[in-house]
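The next block is run_18.txt, given as compact mmCIF, N, CA and C atoms.
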```txt
# COMPACT_ATOMS: atom_id res chain seq x y z
N MET A 89 0.83 -1.19 0.00
CA MET A 89 0.00 0.00 0.00
C MET A 89 0.88 1.26 0.00
N LYS A 90 2.02 1.17 0.62
CA LYS A 90 2.94 2.30 0.70
C LYS A 90 3.30 2.80 -0.71
N PHE A 91 3.54 1.84 -1.62
CA PHE A 91 3.94 2.22 -2.97
C PHE A 91 2.83 2.95 -3.71
N LYS A 92 1.59 2.58 -3.42
CA LYS A 92 0.46 3.22 -4.08
C LYS A 92 0.43 4.71 -3.73
N TYR A 93 0.74 5.03 -2.46
CA TYR A 93 0.77 6.44 -2.06
C TYR A 93 1.92 7.16 -2.74
N ASN A 94 3.06 6.48 -2.89
CA ASN A 94 4.19 7.08 -3.58
C ASN A 94 3.84 7.36 -5.04
N ALA A 95 3.11 6.45 -5.65
CA ALA A 95 2.70 6.62 -7.04
C ALA A 95 1.78 7.83 -7.18
N LYS A 96 0.83 7.96 -6.26
CA LYS A 96 -0.08 9.11 -6.31
C LYS A 96 0.69 10.40 -6.08
N ALA A 97 1.66 10.37 -5.17
CA ALA A 97 2.47 11.56 -4.89
C ALA A 97 3.25 11.98 -6.15
N LYS A 98 3.78 11.00 -6.88
CA LYS A 98 4.50 11.31 -8.12
C LYS A 98 3.56 11.96 -9.13
N GLN A 99 2.34 11.44 -9.22
CA GLN A 99 1.38 12.01 -10.16
C GLN A 99 1.04 13.44 -9.79
N ILE A 100 0.85 13.70 -8.52
CA ILE A 100 0.50 15.05 -8.06
C ILE A 100 1.68 15.99 -8.28
N ARG A 101 2.90 15.54 -7.90
CA ARG A 101 4.08 16.37 -8.12
C ARG A 101 4.24 16.70 -9.60
N GLY A 102 3.99 15.70 -10.45
CA GLY A 102 4.10 15.91 -11.89
C GLY A 102 3.10 16.92 -12.39
N LYS A 103 1.88 16.87 -11.88
CA LYS A 103 0.85 17.82 -12.29
C LYS A 103 1.23 19.23 -11.88
N VAL A 104 1.79 19.35 -10.67
CA VAL A 104 2.22 20.67 -10.19
C VAL A 104 3.34 21.20 -11.08
N LYS A 105 4.31 20.34 -11.39
CA LYS A 105 5.42 20.75 -12.26
C LYS A 105 4.92 21.18 -13.63
N GLU A 106 4.00 20.39 -14.18
CA GLU A 106 3.47 20.71 -15.50
C GLU A 106 2.76 22.06 -15.47
N SER A 107 1.95 22.31 -14.46
CA SER A 107 1.24 23.58 -14.34
C SER A 107 2.21 24.74 -14.16
N LEU A 108 3.24 24.51 -13.36
CA LEU A 108 4.25 25.54 -13.14
C LEU A 108 4.98 25.85 -14.45
N GLY A 109 5.29 24.81 -15.20
CA GLY A 109 5.96 25.00 -16.49
C GLY A 109 5.09 25.78 -17.46
N LYS A 110 3.78 25.50 -17.46
CA LYS A 110 2.87 26.26 -18.33
C LYS A 110 2.84 27.72 -17.92
N ALA A 111 2.78 27.97 -16.61
CA ALA A 111 2.70 29.34 -16.11
C ALA A 111 3.98 30.11 -16.43
N MET A 112 5.13 29.43 -16.35
CA MET A 112 6.40 30.10 -16.60
C MET A 112 6.77 30.12 -18.07
N GLY A 113 6.07 29.30 -18.86
CA GLY A 113 6.40 29.20 -20.28
C GLY A 113 7.63 28.35 -20.51
N ASP A 114 7.96 27.48 -19.57
CA ASP A 114 9.14 26.63 -19.65
C ASP A 114 8.73 25.22 -20.07
N ARG A 115 8.99 24.90 -21.32
CA ARG A 115 8.56 23.60 -21.84
C ARG A 115 9.32 22.44 -21.21
N ALA A 116 10.55 22.66 -20.81
CA ALA A 116 11.33 21.59 -20.18
C ALA A 116 10.70 21.17 -18.86
N VAL A 117 10.25 22.12 -18.07
CA VAL A 117 9.60 21.82 -16.80
C VAL A 117 8.26 21.14 -17.07
N GLN A 118 7.57 21.58 -18.09
CA GLN A 118 6.30 20.97 -18.47
C GLN A 118 6.50 19.49 -18.82
N ARG A 119 7.49 19.21 -19.66
CA ARG A 119 7.77 17.83 -20.07
C ARG A 119 8.17 16.98 -18.87
N SER A 120 8.98 17.57 -18.00
CA SER A 120 9.41 16.85 -16.80
C SER A 120 8.20 16.48 -15.94
N GLY A 121 7.26 17.39 -15.83
CA GLY A 121 6.05 17.12 -15.08
C GLY A 121 5.22 16.01 -15.70
N ARG A 122 5.10 16.03 -17.01
CA ARG A 122 4.34 14.98 -17.69
C ARG A 122 5.01 13.61 -17.50
N ARG A 123 6.34 13.60 -17.60
CA ARG A 123 7.08 12.35 -17.40
C ARG A 123 6.85 11.81 -15.99
N GLU A 124 6.90 12.69 -15.01
CA GLU A 124 6.71 12.26 -13.63
C GLU A 124 5.29 11.71 -13.41
N GLN A 125 4.32 12.34 -14.05
CA GLN A 125 2.95 11.83 -13.96
C GLN A 125 2.85 10.43 -14.56
N LEU A 126 3.47 10.22 -15.71
CA LEU A 126 3.44 8.92 -16.36
C LEU A 126 4.14 7.86 -15.53
N ARG A 127 5.26 8.24 -14.92
CA ARG A 127 5.96 7.28 -14.05
C ARG A 127 5.09 6.88 -12.88
N GLY A 128 4.41 7.84 -12.30
CA GLY A 128 3.52 7.55 -11.18
C GLY A 128 2.37 6.65 -11.60
N LYS A 129 1.81 6.91 -12.76
CA LYS A 129 0.71 6.10 -13.26
C LYS A 129 1.19 4.67 -13.55
N ALA A 130 2.37 4.55 -14.15
CA ALA A 130 2.93 3.23 -14.44
C ALA A 130 3.20 2.46 -13.15
N GLN A 131 3.73 3.14 -12.15
CA GLN A 131 3.99 2.49 -10.87
C GLN A 131 2.68 2.02 -10.23
N GLU A 132 1.67 2.87 -10.31
CA GLU A 132 0.37 2.51 -9.74
C GLU A 132 -0.22 1.29 -10.45
N MET A 133 -0.13 1.26 -11.77
CA MET A 133 -0.67 0.15 -12.54
C MET A 133 0.11 -1.14 -12.23
N THR A 134 1.41 -1.03 -12.07
CA THR A 134 2.23 -2.18 -11.74
C THR A 134 1.83 -2.75 -10.39
N GLU A 135 1.65 -1.88 -9.41
CA GLU A 135 1.24 -2.31 -8.08
C GLU A 135 -0.13 -2.99 -8.11
N THR A 136 -1.04 -2.44 -8.87
CA THR A 136 -2.38 -3.03 -8.98
C THR A 136 -2.30 -4.41 -9.62
N ALA A 137 -1.53 -4.53 -10.69
CA ALA A 137 -1.39 -5.83 -11.36
C ALA A 137 -0.72 -6.84 -10.43
N THR A 138 0.27 -6.41 -9.70
CA THR A 138 0.95 -7.30 -8.76
C THR A 138 -0.01 -7.80 -7.69
N ALA A 139 -0.85 -6.92 -7.18
CA ALA A 139 -1.83 -7.30 -6.17
C ALA A 139 -2.81 -8.32 -6.73
N HIS A 140 -3.24 -8.13 -7.97
CA HIS A 140 -4.17 -9.08 -8.59
C HIS A 140 -3.52 -10.45 -8.76
N VAL A 141 -2.27 -10.46 -9.18
CA VAL A 141 -1.56 -11.73 -9.37
C VAL A 141 -1.39 -12.43 -8.03
N ARG A 142 -1.04 -11.69 -7.00
CA ARG A 142 -0.86 -12.30 -5.68
C ARG A 142 -2.18 -12.88 -5.18
N ARG A 143 -3.29 -12.16 -5.39
CA ARG A 143 -4.59 -12.69 -4.99
C ARG A 143 -4.94 -13.95 -5.77
N TRP A 144 -4.66 -13.92 -7.07
CA TRP A 144 -4.95 -15.06 -7.92
C TRP A 144 -4.10 -16.27 -7.52
N ALA A 145 -2.83 -16.04 -7.18
CA ALA A 145 -1.92 -17.12 -6.83
C ALA A 145 -2.32 -17.81 -5.52
N LYS A 146 -3.00 -17.10 -4.64
CA LYS A 146 -3.41 -17.68 -3.37
C LYS A 146 -4.56 -18.66 -3.53
N HIS A 147 -5.31 -18.53 -4.60
CA HIS A 147 -6.49 -19.40 -4.79
C HIS A 147 -6.11 -20.69 -5.37
```
Rewrite the coordinates I just gave you, this time as structure tokens.
Amino acid sequence: MKFKYNAKAKQIRGKVKESLGKAMGDRAVQRSGRREQLRGKAQEMTETATAHVRRWAKH
């Protein structure tokens, strides 16, 4: 469960970075924010899939 919170935190941090980049007109910060959001989403999806496999393996 700890990792799920880290994944959400990455997504939120990425959204903040992206918004900040838009406000400043800095495309590099914007891209960095988008990348961080995607990493967080990928981590969240991986954790969800792992949990499903573990539940399935117990049956």
Nearest to Tyr93 in chain A: which of A:Arg123, A:Gln118, A:Glu132, A:Arg143 is it, counting only N, CA and C atoms?
->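 Among A:Arg123, A:Gln118, A:Glu132, A:Arg143, it is A:Glu132 that comes nearest to Tyr93 in chain A.
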Would you mind reading off the distance between CA of Met112 in chain A and CA of Gln125 in chain A, one decimal, in Å?
->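 Atom-to-atom, CA of Met112 in chain A to CA of Gln125 in chain A, that is 18.8 Å.
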Any idea what the distance is between atom N of Gly102 in chain A and CA of Glu135 in chain A?
->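 Interatomic distance here is 18.4 Å.
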Distance in Å - atom C of Arg127 in chain A versus atom N of Lys146 in chain A |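 We find that atom C of Arg127 in chain A and atom N of Lys146 in chain A lie 26.6 Å from each other.
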Considering all atoms listed in the file, state which residue in the set A:Gln131, A:Ser107, A:Gly113, A:Arg122 is at the smallest distance from Ala95 in chain A.
->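 Answer, going by the shortest atom-to-atom distance: A:Gln131.
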Closest to Leu126 in chain A among A:Lys105, A:His140, A:Lys98, A:Lys110, using only C-alpha atoms?
->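 Ranking A:Lys105, A:His140, A:Lys98, A:Lys110 by distance to Leu126 in chain A, first place goes to A:Lys98.
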Once 6 Å is added on each side, what centre and edge lengths in Å to one decimal does the axis-aligned box around all listed atoms of range 106-118 of chain A have, as JSON?
```
{"center_x": 6.3, "center_y": 24.8, "center_z": -17.5, "size_x": 22.1, "size_y": 22.6, "size_z": 20.7}
```
Go through A:Gly121, A:Ala145, A:Ala130, A:Thr138 one by one, measure the shortest atom-to-atom distance of each to Gly109 in chain A using only N, CA and C atoms, and give the residue with the smallest value.
->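 Counting only N, CA and C atoms, the residue closest to Gly109 in chain A is A:Gly121.
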